[in-house]
>>> print(open('my_file.cif').read())   # mmCIF, C-alpha atoms and all ligand atoms
data_protein
#
loop_
_atom_site.group_PDB
_atom_site.id
_atom_site.type_symbol
_atom_site.label_atom_id
_atom_site.label_comp_id
_atom_site.auth_asym_id
_atom_site.auth_seq_id
_atom_site.Cartn_x
_atom_site.Cartn_y
_atom_site.Cartn_z
ATOM 1 C CA MET A 1259 0.000 0.000 0.000
ATOM 2 C CA ARG A 1260 2.261 2.742 -1.218
ATOM 3 C CA SER A 1261 -0.617 4.729 -2.646
ATOM 4 C CA PHE A 1262 -0.954 8.382 -1.814
ATOM 5 C CA SER A 1263 -2.880 11.479 -2.880
ATOM 6 C CA ILE A 1264 -1.646 14.946 -3.701
ATOM 7 C CA VAL A 1265 -3.235 17.991 -2.047
ATOM 8 C CA VAL A 1266 -2.495 21.369 -3.625
ATOM 9 C CA ALA A 1267 -3.912 24.823 -4.271
ATOM 10 C CA ALA A 1268 -2.930 26.474 -7.546
ATOM 11 C CA ASP A 1269 -3.871 29.442 -9.669
ATOM 12 C CA ARG A 1270 -4.789 29.351 -13.387
ATOM 13 C CA ALA A 1271 -1.115 29.124 -14.344
ATOM 14 C CA MET A 1272 -0.628 26.318 -11.797
ATOM 15 C CA GLY A 1273 1.359 28.692 -9.598
ATOM 16 C CA ILE A 1274 1.590 27.396 -6.026
ATOM 17 C CA GLY A 1275 4.110 29.555 -4.193
ATOM 18 C CA LYS A 1276 6.035 32.783 -3.921
ATOM 19 C CA ASN A 1277 9.113 33.623 -1.817
ATOM 20 C CA GLY A 1278 8.930 30.343 0.100
ATOM 21 C CA GLY A 1279 5.278 30.655 1.057
ATOM 22 C CA LEU A 1280 1.731 30.639 -0.216
ATOM 23 C CA PRO A 1281 0.916 33.632 -2.469
ATOM 24 C CA TRP A 1282 -2.600 33.930 -0.995
ATOM 25 C CA ARG A 1283 -4.398 33.477 2.266
ATOM 26 C CA LEU A 1284 -7.567 31.430 1.798
ATOM 27 C CA ARG A 1285 -9.029 30.629 5.200
ATOM 28 C CA LYS A 1286 -11.648 28.134 3.972
ATOM 29 C CA ASP A 1287 -9.239 26.333 1.672
ATOM 30 C CA MET A 1288 -6.743 26.020 4.538
ATOM 31 C CA ALA A 1289 -9.517 24.566 6.691
ATOM 32 C CA PHE A 1290 -10.329 22.142 3.843
ATOM 33 C CA PHE A 1291 -6.630 21.202 3.644
ATOM 34 C CA ALA A 1292 -6.529 20.521 7.386
ATOM 35 C CA ARG A 1293 -9.748 18.480 7.180
ATOM 36 C CA ILE A 1294 -8.868 16.301 4.183
ATOM 37 C CA THR A 1295 -5.370 15.589 5.500
ATOM 38 C CA SER A 1296 -6.475 14.996 9.112
ATOM 39 C CA LYS A 1297 -9.702 13.060 8.910
ATOM 40 C CA VAL A 1298 -9.314 9.332 9.383
ATOM 41 C CA VAL A 1299 -12.199 7.585 7.700
ATOM 42 C CA GLN A 1300 -12.702 3.968 8.670
ATOM 43 C CA GLY A 1301 -12.004 2.042 5.481
ATOM 44 C CA ALA A 1302 -13.368 -1.426 4.813
ATOM 45 C CA GLN A 1303 -9.806 -2.622 4.299
ATOM 46 C CA ASP A 1304 -8.809 -1.659 7.833
ATOM 47 C CA ALA A 1305 -11.947 -2.966 9.550
ATOM 48 C CA THR A 1306 -10.066 -5.689 11.401
ATOM 49 C CA THR A 1307 -7.063 -3.597 12.404
ATOM 50 C CA THR A 1308 -8.036 -1.610 15.452
ATOM 51 C CA ASP A 1309 -5.744 0.620 17.468
ATOM 52 C CA GLU A 1310 -7.554 -0.705 20.559
ATOM 53 C CA SER A 1311 -5.737 -3.991 20.229
ATOM 54 C CA THR A 1312 -2.339 -2.514 19.321
ATOM 55 C CA HIS A 1313 -2.353 0.762 21.330
ATOM 56 C CA GLN A 1314 -1.302 2.538 18.175
ATOM 57 C CA ARG A 1315 -2.516 5.924 17.155
ATOM 58 C CA ARG A 1316 -4.198 5.916 13.714
ATOM 59 C CA VAL A 1317 -3.454 9.077 11.784
ATOM 60 C CA ASN A 1318 -2.975 10.126 8.194
ATOM 61 C CA ALA A 1319 0.524 10.894 6.941
ATOM 62 C CA CYS A 1320 1.613 14.147 5.313
ATOM 63 C CA ILE A 1321 4.791 13.879 3.265
ATOM 64 C CA MET A 1322 6.401 17.217 2.553
ATOM 65 C CA GLY A 1323 9.675 18.656 1.350
ATOM 66 C CA ARG A 1324 11.966 20.474 3.750
ATOM 67 C CA LYS A 1325 11.113 23.891 2.299
ATOM 68 C CA THR A 1326 7.385 23.237 2.671
ATOM 69 C CA TRP A 1327 7.953 22.165 6.287
ATOM 70 C CA GLU A 1328 9.807 25.432 6.923
ATOM 71 C CA SER A 1329 6.988 27.402 5.231
ATOM 72 C CA ILE A 1330 4.409 26.177 7.751
ATOM 73 C CA PRO A 1331 4.073 28.714 10.574
ATOM 74 C CA LYS A 1332 5.869 27.407 13.689
ATOM 75 C CA LYS A 1333 2.635 27.442 15.686
ATOM 76 C CA PHE A 1334 1.037 25.046 13.138
ATOM 77 C CA ARG A 1335 3.894 22.561 12.872
ATOM 78 C CA PRO A 1336 4.150 19.716 13.186
ATOM 79 C CA LEU A 1337 0.703 19.520 11.605
ATOM 80 C CA THR A 1338 -1.479 18.324 14.472
ATOM 81 C CA ASP A 1339 -2.989 14.826 14.521
ATOM 82 C CA ARG A 1340 -1.014 13.850 11.409
ATOM 83 C CA PHE A 1341 2.219 11.928 10.869
ATOM 84 C CA ASN A 1342 4.604 14.543 9.438
ATOM 85 C CA VAL A 1343 7.282 13.118 7.132
ATOM 86 C CA ILE A 1344 9.896 15.678 6.121
ATOM 87 C CA VAL A 1345 12.010 14.925 3.063
ATOM 88 C CA SER A 1346 15.543 16.312 3.192
ATOM 89 C CA ARG A 1347 18.779 14.993 1.708
ATOM 90 C CA ASP A 1348 20.411 15.972 4.998
ATOM 91 C CA PRO A 1349 19.984 12.932 7.285
ATOM 92 C CA HIS A 1350 20.780 15.165 10.288
ATOM 93 C CA TYR A 1351 18.181 17.810 9.452
ATOM 94 C CA LEU A 1352 16.079 17.102 12.540
ATOM 95 C CA ASP A 1353 18.988 16.615 14.946
ATOM 96 C CA ASP A 1354 18.950 20.130 16.383
ATOM 97 C CA LYS A 1355 15.213 20.741 15.920
ATOM 98 C CA PRO A 1356 12.680 20.806 18.754
ATOM 99 C CA GLU A 1357 10.548 18.250 16.855
ATOM 100 C CA LYS A 1358 13.231 15.585 17.187
ATOM 101 C CA GLY A 1359 11.794 12.675 19.158
ATOM 102 C CA ASN A 1360 8.176 13.582 18.451
ATOM 103 C CA PRO A 1361 6.522 10.303 17.392
ATOM 104 C CA LEU A 1362 4.455 12.218 14.816
ATOM 105 C CA VAL A 1363 7.551 13.647 13.070
ATOM 106 C CA ALA A 1364 9.980 11.695 10.900
ATOM 107 C CA LEU A 1365 12.718 12.409 8.391
ATOM 108 C CA ALA A 1366 13.236 10.637 5.069
ATOM 109 C CA THR A 1367 16.139 11.336 2.730
ATOM 110 C CA SER A 1368 14.107 10.819 -0.462
ATOM 111 C CA PHE A 1369 10.487 10.723 -1.585
ATOM 112 C CA GLU A 1370 10.808 6.956 -2.167
ATOM 113 C CA ALA A 1371 12.179 6.502 1.354
ATOM 114 C CA ALA A 1372 9.254 8.548 2.698
ATOM 115 C CA LEU A 1373 6.787 6.233 0.916
ATOM 116 C CA ASP A 1374 8.650 3.173 2.236
ATOM 117 C CA LEU A 1375 8.486 4.525 5.778
ATOM 118 C CA VAL A 1376 4.786 5.299 5.555
ATOM 119 C CA GLU A 1377 4.080 1.924 3.982
ATOM 120 C CA SER A 1378 5.797 0.207 6.923
ATOM 121 C CA LEU A 1379 3.371 2.015 9.249
ATOM 122 C CA HIS A 1380 0.272 1.432 7.162
ATOM 123 C CA SER A 1381 -2.749 -0.017 9.003
ATOM 124 C CA SER A 1382 -2.911 -3.103 6.800
ATOM 125 C CA SER A 1383 0.836 -3.702 6.847
ATOM 126 C CA SER A 1384 1.543 -7.374 7.504
ATOM 127 C CA SER A 1385 4.664 -6.877 9.630
ATOM 128 C CA PRO A 1386 3.910 -5.690 13.149
ATOM 129 C CA SER A 1387 5.621 -2.332 13.604
ATOM 130 C CA THR A 1388 7.506 -1.061 16.618
ATOM 131 C CA SER A 1389 6.071 2.415 16.110
ATOM 132 C CA SER A 1390 3.248 3.893 18.162
ATOM 133 C CA VAL A 1391 1.804 5.275 14.939
ATOM 134 C CA GLN A 1392 -0.438 3.551 12.427
ATOM 135 C CA VAL A 1393 -0.931 5.323 9.117
ATOM 136 C CA ALA A 1394 -4.328 5.460 7.411
ATOM 137 C CA ARG A 1395 -4.213 7.684 4.289
ATOM 138 C CA THR A 1396 -1.065 9.283 2.878
ATOM 139 C CA PHE A 1397 -0.915 12.772 1.386
ATOM 140 C CA LEU A 1398 1.855 14.526 -0.489
ATOM 141 C CA ILE A 1399 1.538 18.213 0.411
ATOM 142 C CA GLY A 1400 4.394 19.730 -1.571
ATOM 143 C CA GLY A 1401 6.326 21.520 -2.615
ATOM 144 C CA ALA A 1402 7.172 21.787 -6.287
ATOM 145 C CA GLN A 1403 10.161 19.439 -6.164
ATOM 146 C CA LEU A 1404 8.203 16.619 -4.521
ATOM 147 C CA TYR A 1405 5.047 17.263 -6.556
ATOM 148 C CA ASN A 1406 7.240 16.607 -9.607
ATOM 149 C CA ASP A 1407 8.093 13.126 -8.306
ATOM 150 C CA GLY A 1408 4.554 12.614 -7.035
ATOM 151 C CA VAL A 1409 2.505 13.280 -10.190
ATOM 152 C CA ARG A 1410 4.734 10.926 -12.157
ATOM 153 C CA SER A 1411 4.331 8.117 -9.637
ATOM 154 C CA LYS A 1412 1.928 5.293 -10.456
ATOM 155 C CA ASP A 1413 1.149 5.212 -6.726
ATOM 156 C CA CYS A 1414 -0.513 8.640 -6.871
ATOM 157 C CA THR A 1415 -4.218 7.794 -6.957
ATOM 158 C CA HIS A 1416 -5.818 11.257 -6.660
ATOM 159 C CA ILE A 1417 -4.935 14.909 -6.997
ATOM 160 C CA PHE A 1418 -7.073 17.184 -4.832
ATOM 161 C CA LEU A 1419 -6.562 20.511 -6.544
ATOM 162 C CA THR A 1420 -8.060 23.727 -5.242
ATOM 163 C CA ARG A 1421 -8.281 25.629 -8.517
ATOM 164 C CA ILE A 1422 -8.027 29.369 -7.878
ATOM 165 C CA ASP A 1423 -9.608 31.411 -10.652
ATOM 166 C CA ALA A 1424 -6.937 34.103 -10.760
ATOM 167 C CA THR A 1425 -3.426 34.661 -11.983
ATOM 168 C CA VAL A 1426 -1.220 35.499 -9.041
ATOM 169 C CA ASP A 1427 2.488 36.359 -9.106
ATOM 170 C CA CYS A 1428 4.163 33.025 -8.312
ATOM 171 C CA ASP A 1429 7.732 31.745 -8.491
ATOM 172 C CA THR A 1430 6.866 28.071 -7.885
ATOM 173 C CA PHE A 1431 4.598 25.915 -10.040
ATOM 174 C CA PHE A 1432 2.814 22.590 -9.988
ATOM 175 C CA PRO A 1433 3.977 20.257 -12.795
ATOM 176 C CA GLU A 1434 1.822 19.507 -15.799
ATOM 177 C CA ILE A 1435 -0.944 16.988 -15.130
ATOM 178 C CA SER A 1436 -0.960 14.514 -18.007
ATOM 179 C CA HIS A 1437 -4.469 13.978 -19.340
ATOM 180 C CA SER A 1438 -3.510 10.465 -20.376
ATOM 181 C CA GLU A 1439 -2.679 9.634 -16.747
ATOM 182 C CA TYR A 1440 -5.306 11.590 -14.832
ATOM 183 C CA GLN A 1441 -8.951 12.356 -15.413
ATOM 184 C CA LEU A 1442 -10.407 15.604 -14.085
ATOM 185 C CA LEU A 1443 -13.818 14.862 -12.615
ATOM 186 C CA PRO A 1444 -16.558 17.278 -13.673
ATOM 187 C CA SER A 1445 -17.534 19.779 -10.971
ATOM 188 C CA THR A 1446 -20.534 17.778 -9.685
ATOM 189 C CA ASP A 1447 -18.565 14.521 -9.644
ATOM 190 C CA SER A 1448 -15.621 16.172 -7.844
ATOM 191 C CA HIS A 1449 -17.997 17.380 -5.155
ATOM 192 C CA ALA A 1450 -19.681 13.979 -4.763
ATOM 193 C CA PHE A 1451 -16.276 12.277 -4.662
ATOM 194 C CA LEU A 1452 -15.064 14.566 -1.869
ATOM 195 C CA GLU A 1453 -18.179 14.100 0.266
ATOM 196 C CA ASN A 1454 -17.847 10.333 -0.082
ATOM 197 C CA TYR A 1455 -14.098 10.455 0.563
ATOM 198 C CA LEU A 1456 -14.534 12.545 3.716
ATOM 199 C CA GLN A 1457 -17.865 11.051 4.783
ATOM 200 C CA GLU A 1458 -19.158 14.544 5.540
ATOM 201 C CA SER A 1459 -20.454 17.591 3.711
ATOM 202 C CA VAL A 1460 -18.059 19.696 1.676
ATOM 203 C CA GLU A 1461 -18.817 23.111 0.184
ATOM 204 C CA GLY A 1462 -19.457 22.662 -3.530
ATOM 205 C CA GLY A 1463 -19.263 24.980 -6.521
ATOM 206 C CA VAL A 1464 -17.340 28.230 -6.627
ATOM 207 C CA ILE A 1465 -16.220 29.563 -3.245
ATOM 208 C CA GLU A 1466 -15.702 33.308 -2.882
ATOM 209 C CA GLU A 1467 -13.218 34.607 -0.372
ATOM 210 C CA GLY A 1468 -11.999 38.185 -0.479
ATOM 211 C CA SER A 1469 -11.090 38.909 -4.086
ATOM 212 C CA TYR A 1470 -10.616 35.206 -4.887
ATOM 213 C CA GLN A 1471 -12.912 32.597 -6.406
ATOM 214 C CA TYR A 1472 -11.933 28.971 -6.209
ATOM 215 C CA GLU A 1473 -13.254 25.419 -6.395
ATOM 216 C CA TYR A 1474 -12.223 22.043 -4.976
ATOM 217 C CA THR A 1475 -11.500 19.686 -7.872
ATOM 218 C CA VAL A 1476 -10.499 16.024 -8.048
ATOM 219 C CA TYR A 1477 -8.280 14.207 -10.547
ATOM 220 C CA ASN A 1478 -8.310 10.408 -10.542
ATOM 221 C CA ARG A 1479 -5.500 8.285 -11.911
ATOM 222 C CA ILE A 1480 -6.685 6.498 -15.029
HETATM 223 N N1 LIG B 1501 -3.460 22.371 -0.416
HETATM 224 C C1 LIG B 1501 -4.451 23.266 -0.405
HETATM 225 N N2 LIG B 1501 -5.647 22.958 -0.904
HETATM 226 N N3 LIG B 1501 -4.273 24.485 0.099
HETATM 227 C C2 LIG B 1501 -3.085 24.850 0.633
HETATM 228 O O1 LIG B 1501 -2.945 25.988 1.095
HETATM 229 C C3 LIG B 1501 -2.010 23.930 0.655
HETATM 230 N N4 LIG B 1501 -0.800 24.243 1.224
HETATM 231 C C4 LIG B 1501 0.157 23.324 1.219
HETATM 232 C C5 LIG B 1501 -0.081 22.076 0.648
HETATM 233 N N5 LIG B 1501 -1.247 21.764 0.104
HETATM 234 C C6 LIG B 1501 -2.242 22.678 0.113
HETATM 235 C C7 LIG B 1501 1.488 23.611 1.838
HETATM 236 N N6 LIG B 1501 1.508 24.783 2.685
HETATM 237 C C8 LIG B 1501 -0.209 24.987 6.487
HETATM 238 C C9 LIG B 1501 0.508 26.048 5.985
HETATM 239 C C10 LIG B 1501 1.078 25.964 4.724
HETATM 240 C C11 LIG B 1501 0.932 24.817 3.949
HETATM 241 C C12 LIG B 1501 0.186 23.770 4.446
HETATM 242 C C13 LIG B 1501 -0.374 23.862 5.711
HETATM 243 C C14 LIG B 1501 -0.823 25.078 7.848
HETATM 244 O O2 LIG B 1501 -0.464 25.897 8.660
HETATM 245 N N7 LIG B 1501 -1.836 24.219 8.123
HETATM 246 C C15 LIG B 1501 -2.573 24.125 9.379
HETATM 247 C C16 LIG B 1501 -3.826 24.970 9.354
HETATM 248 C C17 LIG B 1501 -3.561 26.352 9.788
HETATM 249 C C18 LIG B 1501 -4.826 27.205 9.795
HETATM 250 O O3 LIG B 1501 -5.905 26.704 10.163
HETATM 251 O O4 LIG B 1501 -4.721 28.381 9.405
HETATM 252 C C19 LIG B 1501 -3.058 22.693 9.530
HETATM 253 O O5 LIG B 1501 -3.320 22.313 10.683
HETATM 254 O O6 LIG B 1501 -3.222 21.999 8.512
#
>>> encode(input="my_file.cif", output="structure tokens")
Amino acid sequence: MRSFSIVVAADRAMGIGKNGGLPWRLRKDMAFFARITSKVVQGAQDATTTDESTHQRRVNACIMGRKTWESIPKKFRPLTDRFNVIVSRDPHYLDDKPEKGNPLVALATSFEAALDLVESLHSSSSSPSTSSVQVARTFLIGGAQLYNDGVRSKDCTHIFLTRIDATVDCDTFFPEISHSEYQLLPSTDSHAFLENYLQESVEGGVIEEGSYQYEYTVYNRI
């Protein structure tokens, strides 16, 4: 079970960042991000694996690049109630950080190694793990360098793209989504997919916030 989903917000030009941060502040989209990455939905596959019997905490995993980790405001990181996997080529990156030793924070030296780590903690993993954490769903949350690896991976099953109907000054972009590899669900289908995926209501259609209009869209791997 190495499958994962991408979560991203992008403008019309697929811009995602500027000066090491997000180029916009969209309160509702950020709440949607927190909800989709945090919510653990009981899947049929995991019905027999309960944390009650193993004393493990079941959370979703968020894989992110080192720059994305550093872009998250200190008061919001590590992302609460999620297993934070930071990808850095520096194996000592966490050594002098306050997060070192936190069971919900881990370092991987490549995207592949991050997927391997998360797979070893997956709920339906056959080998009993020594970790206190059990991973339900896995999300790749950026940035551009990891999204590049992620969209190309056959293990990427969905792209949850918040499409912002604007062109904002960005210096970082999401890679091209191949239409032979992913299918964009029509607006109504995207909305139905998300409500089923989250098992709760999700705002549909165009959302207006400040001067921005945006919509939650879903791409499925073909
Ligand atoms: N996907 C979407 N749809 N929107 C985003 O803004 C987004 N951002 C990232 C990745 N995928 C995204 C990467 N950047 C936080 C900050 C930056 C960030 C991701 C997350 C963050 O602070 N998250 C808190 C919520 C804070 C709040 O409520 O304002 C969290 O708990 O998730």
>>> closest_atom_pairs(input="my_file.cif", of="stretch 1285-1398 of chain A", to="stretch 1408-1420 of chain A", cutoff="10 Å", atoms="all atoms listed in the file", output="CSV")
residue,atom,partner,partner_atom,distance
A:Asp1287,CA,A:Thr1420,CA,7.5
A:Phe1290,CA,A:Thr1420,CA,9.5
A:Phe1291,CA,A:Thr1420,CA,9.3
A:Ile1294,CA,A:Phe1418,CA,9.2
A:Phe1369,CA,A:Gly1408,CA,8.3
A:Glu1370,CA,A:Gly1408,CA,9.7
A:Leu1373,CA,A:Asp1413,CA,9.6
A:Thr1396,CA,A:Cys1414,CA,9.8
A:Phe1397,CA,A:Cys1414,CA,9.2
A:Leu1398,CA,A:Gly1408,CA,7.3
>>> atom_distance(input="my_file.cif", atom1="atom CA of A:Thr1367", atom2="atom CA of A:Gln1403")
13.4 Å
>>> resolve_selection(input="my_file.cif", expression="the PyMOL selection byres (((chain A and resi 1378) around 12) and not hetatm)", output="PyMOL selection string")
chain A and resi 1259-1260+1319+1371-1377+1379-1389+1391-1394
>>> residues_around(input="my_file.cif", residues="stretch 1352-1362 of chain A", least_positions_apart="3", cutoff="9 Å", atoms="all atoms listed in the file", output="list of chain:residue names")
A:Ala1319, A:Arg1335, A:Pro1336, A:Leu1337, A:Thr1338, A:Asp1339, A:Arg1340, A:Phe1341, A:Asn1342, A:Val1343, A:Asp1348, A:Pro1349, A:Leu1365, A:Ser1389, A:Ser1390, A:Val1391
>>> resolve_selection(input="my_file.cif", expression="the PyMOL selection byres (((not hetatm)) within 6 of (chain B and resi 1501))", output="list in words")
Val1265, Val1266, Ala1267, Asp1287, Met1288, Ala1289, Phe1291, Ala1292, Thr1326, Ile1330, Pro1331, Phe1334, Leu1337, Thr1338, Ile1399, Gly1400 and Thr1420 of chain A
>>> atom_distance(input="my_file.cif", atom1="atom CA of A:Ile1274", atom2="atom CA of A:Phe1432")
6.3 Å
>>> closest_residue(input="my_file.cif", among="A:Glu1439, A:Tyr1474, A:Phe1431, A:Asn1277", to="A:Phe1451", atoms="all atoms listed in the file")
A:Tyr1474
>>> atom_distance(input="my_file.cif", atom1="atom CA of A:Ala1450", atom2="atom CA of A:Ile1480")
18.2 Å
>>> resolve_selection(input="my_file.cif", expression="the PyMOL selection byres (((chain A and resi 1447) around 12) and not hetatm)", output="list in words")
Gln1441, Leu1442, Leu1443, Pro1444, Ser1445, Thr1446, Ser1448, His1449, Ala1450, Phe1451, Leu1452, Glu1453, Asn1454, Tyr1455, Gly1462, Gly1463, Tyr1474, Thr1475, Val1476, Tyr1477 and Asn1478 of chain A
>>> residues_around(input="my_file.cif", residues="A:Glu1466", least_positions_apart="3", cutoff="10 Å", atoms="only C-alpha atoms", output="list of chain:residue names")
A:Leu1284, A:Lys1286, A:Ile1422, A:Gly1463, A:Ser1469, A:Tyr1470, A:Gln1471, A:Tyr1472, A:Glu1473
>>> residues_around(input="my_file.cif", residues="A:Arg1270", least_positions_apart="4", cutoff="9 Å", atoms="all atoms listed in the file", output="list in words")
Arg1421, Ile1422, Asp1423, Ala1424, Thr1425 and Val1426 of chain A
>>> residues_around(input="my_file.cif", residues="A:Ser1329", least_positions_apart="3", cutoff="9 Å", atoms="only C-alpha atoms", output="PyMOL selection string")
chain A and resi 1278-1280+1324-1326+1332
>>> write_last_selection(input="my_file.cif", atoms="C-alpha atoms", output="mmCIF file, in the coordinates of the input")
data_model
loop_
_atom_site.group_PDB
_atom_site.id
_atom_site.type_symbol
_atom_site.label_atom_id
_atom_site.label_comp_id
_atom_site.auth_asym_id
_atom_site.auth_seq_id
_atom_site.Cartn_x
_atom_site.Cartn_y
_atom_site.Cartn_z
ATOM 1 C CA GLY A 1278 8.930 30.343 0.100
ATOM 2 C CA GLY A 1279 5.278 30.655 1.057
ATOM 3 C CA LEU A 1280 1.731 30.639 -0.216
ATOM 4 C CA ARG A 1324 11.966 20.474 3.750
ATOM 5 C CA LYS A 1325 11.113 23.891 2.299
ATOM 6 C CA THR A 1326 7.385 23.237 2.671
ATOM 7 C CA LYS A 1332 5.869 27.407 13.689
#
>>> closest_residue(input="my_file.cif", among="A:Ile1321, A:Lys1297, A:Trp1327, A:Ala1402", to="A:Met1272", atoms="only C-alpha atoms")
A:Ala1402
>>> closest_residue(input="my_file.cif", among="A:Val1317, A:Arg1479, A:Lys1333, A:Glu1467", to="A:Ser1438", atoms="all atoms listed in the file")
A:Arg1479
